[in-house]
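Chemist: Data file data_19.csv (CSV, C-alpha atoms) is appended below.
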chain,number,residue,atom,x,y,z
A,1,MET,CA,14.3,52.7,-34.1
A,2,GLY,CA,16.8,50.0,-33.3
A,3,GLY,CA,19.7,52.6,-33.0
A,4,ARG,CA,22.3,52.6,-30.3
A,5,ALA,CA,22.9,54.9,-27.3
A,6,THR,CA,26.0,55.3,-25.2
A,7,CYS,CA,25.5,55.0,-21.4
A,8,LEU,CA,27.3,57.1,-18.8
A,9,ASN,CA,29.9,54.3,-18.3
A,10,GLY,CA,30.5,54.2,-22.1
A,11,ALA,CA,28.6,50.9,-22.6
A,12,VAL,CA,26.6,50.9,-25.8
A,13,THR,CA,23.0,49.7,-25.4
A,14,PRO,CA,20.0,49.5,-27.7
A,15,ALA,CA,18.2,52.9,-28.0
A,16,ASP,CA,14.8,51.2,-27.7
A,17,ALA,CA,11.9,53.1,-26.2
A,18,SER,CA,10.7,49.8,-24.6
A,19,VAL,CA,13.8,49.7,-22.4
A,20,PRO,CA,13.1,51.7,-19.3
A,21,PRO,CA,15.7,54.4,-18.4
A,22,ALA,CA,18.1,53.7,-15.5
A,23,THR,CA,16.8,54.8,-12.1
A,24,LEU,CA,18.2,58.0,-10.7
A,25,LEU,CA,19.7,56.0,-7.8
A,26,TYR,CA,21.6,53.9,-10.4
A,27,VAL,CA,22.8,57.0,-12.2
A,28,VAL,CA,23.9,58.6,-8.9
A,29,LYS,CA,25.8,55.4,-8.0
A,30,GLN,CA,27.5,55.4,-11.4
A,31,LEU,CA,28.6,59.0,-10.9
A,32,GLU,CA,29.9,58.2,-7.4
A,33,LEU,CA,31.9,55.2,-8.8
A,34,VAL,CA,33.5,57.0,-11.7
A,35,SER,CA,34.3,60.1,-9.6
A,36,ARG,CA,35.7,57.9,-6.8
A,37,ALA,CA,37.9,56.0,-9.3
A,38,GLN,CA,39.3,59.2,-10.7
A,39,LEU,CA,39.8,60.7,-7.2
A,40,ASP,CA,41.6,57.5,-6.1
A,41,GLU,CA,43.9,57.8,-9.1
A,42,LEU,CA,44.5,61.5,-8.6
A,43,LEU,CA,45.3,61.1,-4.9
A,44,ARG,CA,47.5,58.0,-5.3
A,45,PRO,CA,50.8,60.0,-5.5
A,46,ALA,CA,50.0,61.6,-2.1
A,47,GLY,CA,49.5,58.2,-0.5
A,48,VAL,CA,46.0,59.0,0.8
A,49,THR,CA,42.7,57.5,0.0
A,50,THR,CA,39.6,59.3,-1.1
A,51,LEU,CA,38.1,58.8,2.3
A,52,GLN,CA,41.2,60.2,4.0
A,53,TYR,CA,41.2,63.2,1.7
A,54,THR,CA,37.5,63.8,2.4
A,55,ALA,CA,38.3,63.7,6.1
A,56,LEU,CA,41.1,66.3,5.6
A,57,THR,CA,38.7,68.6,3.7
A,58,VAL,CA,36.1,68.3,6.5
A,59,LEU,CA,38.8,69.3,9.1
A,60,ALA,CA,39.8,72.2,6.9
A,61,ARG,CA,36.2,73.5,7.0
A,62,ARG,CA,35.6,72.6,10.7
A,63,PRO,CA,38.8,72.4,12.7
A,64,HIS,CA,38.9,70.9,16.2
A,65,MET,CA,36.3,68.1,16.1
A,66,THR,CA,35.9,64.7,17.7
A,67,SER,CA,36.3,61.4,15.9
A,68,ALA,CA,32.5,60.9,16.1
A,69,ASP,CA,31.9,64.3,14.4
A,70,LEU,CA,34.5,63.5,11.8
A,71,ALA,CA,32.9,60.1,11.1
A,72,ARG,CA,29.5,61.7,10.6
A,73,LEU,CA,30.7,64.5,8.3
A,74,SER,CA,33.1,62.2,6.3
A,75,PHE,CA,30.5,59.6,5.6
A,76,VAL,CA,32.2,56.8,7.4
A,77,ARG,CA,31.1,54.5,10.2
A,78,ALA,CA,32.4,55.4,13.7
A,79,GLN,CA,34.2,52.1,13.8
A,80,SER,CA,36.1,52.9,10.6
A,81,THR,CA,37.1,56.3,11.9
A,82,ALA,CA,39.6,54.9,14.4
A,83,ASP,CA,41.6,53.4,11.5
A,84,LEU,CA,41.2,56.6,9.4
A,85,VAL,CA,42.4,58.9,12.2
A,86,SER,CA,45.3,56.6,13.1
A,87,ALA,CA,46.5,56.5,9.5
A,88,LEU,CA,46.3,60.3,9.2
A,89,ALA,CA,48.0,60.9,12.6
A,90,LYS,CA,50.8,58.4,11.6
A,91,ARG,CA,51.4,60.5,8.5
A,92,GLU,CA,51.3,63.6,10.7
A,93,LEU,CA,48.5,65.1,8.6
A,94,ILE,CA,46.4,65.6,11.7
A,95,SER,CA,47.0,66.0,15.4
A,96,ARG,CA,44.9,65.0,18.4
A,97,SER,CA,44.7,67.1,21.6
A,98,PRO,CA,42.6,67.1,24.7
A,99,ASP,CA,39.4,69.2,24.5
A,100,PRO,CA,39.8,72.0,27.1
A,101,ALA,CA,36.1,71.7,27.9
A,102,ASN,CA,36.3,68.0,28.5
A,103,ARG,CA,39.8,66.5,29.0
A,104,ARG,CA,38.5,63.0,28.2
A,105,ARG,CA,37.7,63.9,24.6
A,106,LEU,CA,40.3,64.3,21.9
A,107,LEU,CA,39.9,67.0,19.3
A,108,ILE,CA,41.3,66.4,15.8
A,109,SER,CA,43.0,69.2,13.8
A,110,LEU,CA,44.9,69.6,10.6
A,111,THR,CA,48.7,69.9,10.9
A,112,ASP,CA,50.8,72.1,8.6
A,113,ALA,CA,51.5,68.9,6.6
A,114,GLY,CA,47.8,68.3,6.2
A,115,ARG,CA,47.2,71.9,5.0
A,116,GLU,CA,50.1,71.5,2.6
A,117,LEU,CA,48.6,68.3,1.1
A,118,LEU,CA,45.2,70.1,0.7
A,119,ALA,CA,46.9,73.1,-0.9
A,120,THR,CA,48.6,70.7,-3.4
A,121,TYR,CA,45.6,68.5,-4.2
A,122,ASP,CA,42.6,70.9,-3.9
A,123,PRO,CA,43.3,72.5,-7.3
A,124,LEU,CA,43.6,69.1,-8.9
A,125,VAL,CA,40.3,68.0,-7.4
A,126,ALA,CA,38.8,71.3,-8.6
A,127,GLN,CA,40.0,70.5,-12.1
A,128,LEU,CA,38.3,67.1,-11.9
A,129,GLU,CA,35.0,68.7,-10.7
A,130,GLU,CA,35.4,71.3,-13.6
A,131,GLN,CA,35.7,68.4,-16.0
A,132,MET,CA,32.6,66.8,-14.6
A,133,LEU,CA,30.6,70.0,-14.9
A,134,ALA,CA,32.1,71.2,-18.2
A,135,ASP,CA,28.8,70.9,-20.1
A,136,PHE,CA,26.8,72.7,-17.4
A,137,SER,CA,25.9,76.4,-17.5
A,138,PRO,CA,26.7,78.4,-14.3
A,139,SER,CA,23.0,78.3,-13.4
A,140,GLU,CA,22.8,74.5,-14.1
A,141,ARG,CA,25.8,74.1,-11.8
A,142,ASP,CA,24.0,75.9,-9.0
A,143,ASP,CA,20.8,74.0,-9.6
A,144,PHE,CA,22.7,70.7,-9.7
A,145,ARG,CA,24.4,71.4,-6.3
A,146,GLU,CA,21.1,72.5,-4.8
A,147,LEU,CA,19.1,69.5,-6.1
A,148,LEU,CA,21.7,67.0,-4.9
A,149,GLY,CA,21.7,68.7,-1.5
A,150,ARG,CA,18.0,68.5,-1.3
A,151,ALA,CA,17.9,64.9,-2.3
A,152,ARG,CA,20.5,64.1,0.3
A,153,ARG,CA,18.6,66.0,3.0
A,154,SER,CA,15.4,64.2,2.1
A,155,LEU,CA,17.1,60.8,2.8
A,156,THR,CA,18.9,62.0,6.0
A,157,PRO,CA,17.2,60.8,9.2
A,158,VAL,CA,16.1,63.7,11.4
A,159,PRO,CA,17.5,63.1,15.0
Now that the file is in, can you turn its structure into structure tokens?
Modeler:
Amino acid sequence: MGGRATCLNGAVTPADASVPPATLLYVVKQLELVSRAQLDELLRPAGVTTLQYTALTVLARRPHMTSADLARLSFVRAQSTADLVSALAKRELISRSPDPANRRRLLISLTDAGRELLATYDPLVAQLEEQMLADFSPSERDDFRELLGRARRSLTPVP
């Protein structure tokens, strides 16, 4: 009674049973913020933001997509995608070409430089993920991924 507990962010708070635990939404946000800060720092030498890196990883898994598709899968607003795509194209990390099925649409793809950037930084990002999951057993890692995915799907509007 009256002891201290350390929070996820390192802050020391009273370990008092009368203080309610943080909501899961708060804990998820804390995880997002700390992982985002570390990703930002890790990617700084490459001159790309975490959002730009995320977009590149999406394109690596699903080549030849429109800006609207990229926005949806990269968790950015359609309006923000124009700046994102322009910045990546300026750095020659992506290319845009007309869609053969609809010449008015542009399809976005990774360039060799984009693939090289991912080849360099994917292992470093994997190390960060490994650090985050170091205290998890293999089955806990699988469960964590599954549970996070289910939570996300439950909040995703159905078209």
Chemist: Can I get the residues of stretch 41-92 of chain A within 10 Å of stretch 119-132 of chain A, each with the closest pair of atoms and their distance in Å to one decimal, using all atoms listed in the file, sorted chain first then ascending number, as a tab-separated table?
Modeler:
residue	atom	partner	partner_atom	distance
A:Leu42	CA	A:Leu124	CA	7.7
A:Leu43	CA	A:Tyr121	CA	7.4
A:Ala46	CA	A:Tyr121	CA	8.4
A:Tyr53	CA	A:Tyr121	CA	9.1
A:Thr57	CA	A:Asp122	CA	8.8
Chemist: So that I have them on file, write out the residues from the current selection with C-alpha atoms, as a CSV table (one decimal), in the coordinates of the input.
Modeler:
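File out.csv, as written:
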chain,number,residue,atom,x,y,z
A,42,LEU,CA,44.5,61.5,-8.6
A,43,LEU,CA,45.3,61.1,-4.9
A,46,ALA,CA,50.0,61.6,-2.1
A,53,TYR,CA,41.2,63.2,1.7
A,57,THR,CA,38.7,68.6,3.7
Chemist: Leaving out stretch 90-98 of chain A and any residue of its chain fewer than 6 positions from it, which residues lie within 7 Å of it when counting only C-alpha atoms, given as a ChimeraX atom specification?
Modeler: /A:104-111,113-114
Chemist: Measuring atom to atom with all atoms listed in the file, identify which of A:Leu88, A:Ala134, A:Met65, A:Leu148 is nearest to A:Val48.
Modeler: A:Leu88
Chemist: So which residues are close to (36.3, 64.6, 14.4), meaning at most 9 Å away in the file's coordinates with all atoms listed in the file counted, and can you show them as a list in words?
Modeler: Ala55, Val58, Leu59, Arg62, Pro63, His64, Met65, Thr66, Ser67, Ala68, Asp69, Leu70, Ala71, Arg72, Leu73, Thr81, Val85, Leu106, Leu107, Ile108 and Ser109 of chain A
Chemist: Report the distance between atom CA of A:Asp135 and atom CA of A:Pro45 in Å, rounded to one decimal place.
Modeler: 28.6 Å
Chemist: Quote the spacing between atom CA of A:Leu56 and atom CA of A:Pro100 in Å to one decimal place.
Modeler: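 A separation of 22.3 Å between them.
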Chemist: Counting all atoms listed in the file, figure out which residue out of A:Ser154, A:Ser86, A:Ser35, A:Thr54 gets nearest to A:Ser74.
Modeler: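 Selected residue with least distance to A:Ser74: A:Thr54.
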Chemist: Which of these residues is nearest to A:Leu84, using all atoms listed in the file: A:Arg152, A:Thr49, A:Asp143, A:Leu39?
Modeler: A:Thr49
Chemist: Contacts of A:Leu25 at 12 Å or less, counting all atoms listed in the file, minus same-chain residues fewer than 3 places along, as a ChimeraX atom specification?
Modeler: /A:21-22,28-32,148,151-152,155
Chemist: What does the distance from atom CA of A:Gln38 to atom CA of A:Tyr26 come to in Å, to one decimal?
Modeler: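 Atom CA of A:Gln38 sits 18.5 Å away from atom CA of A:Tyr26.
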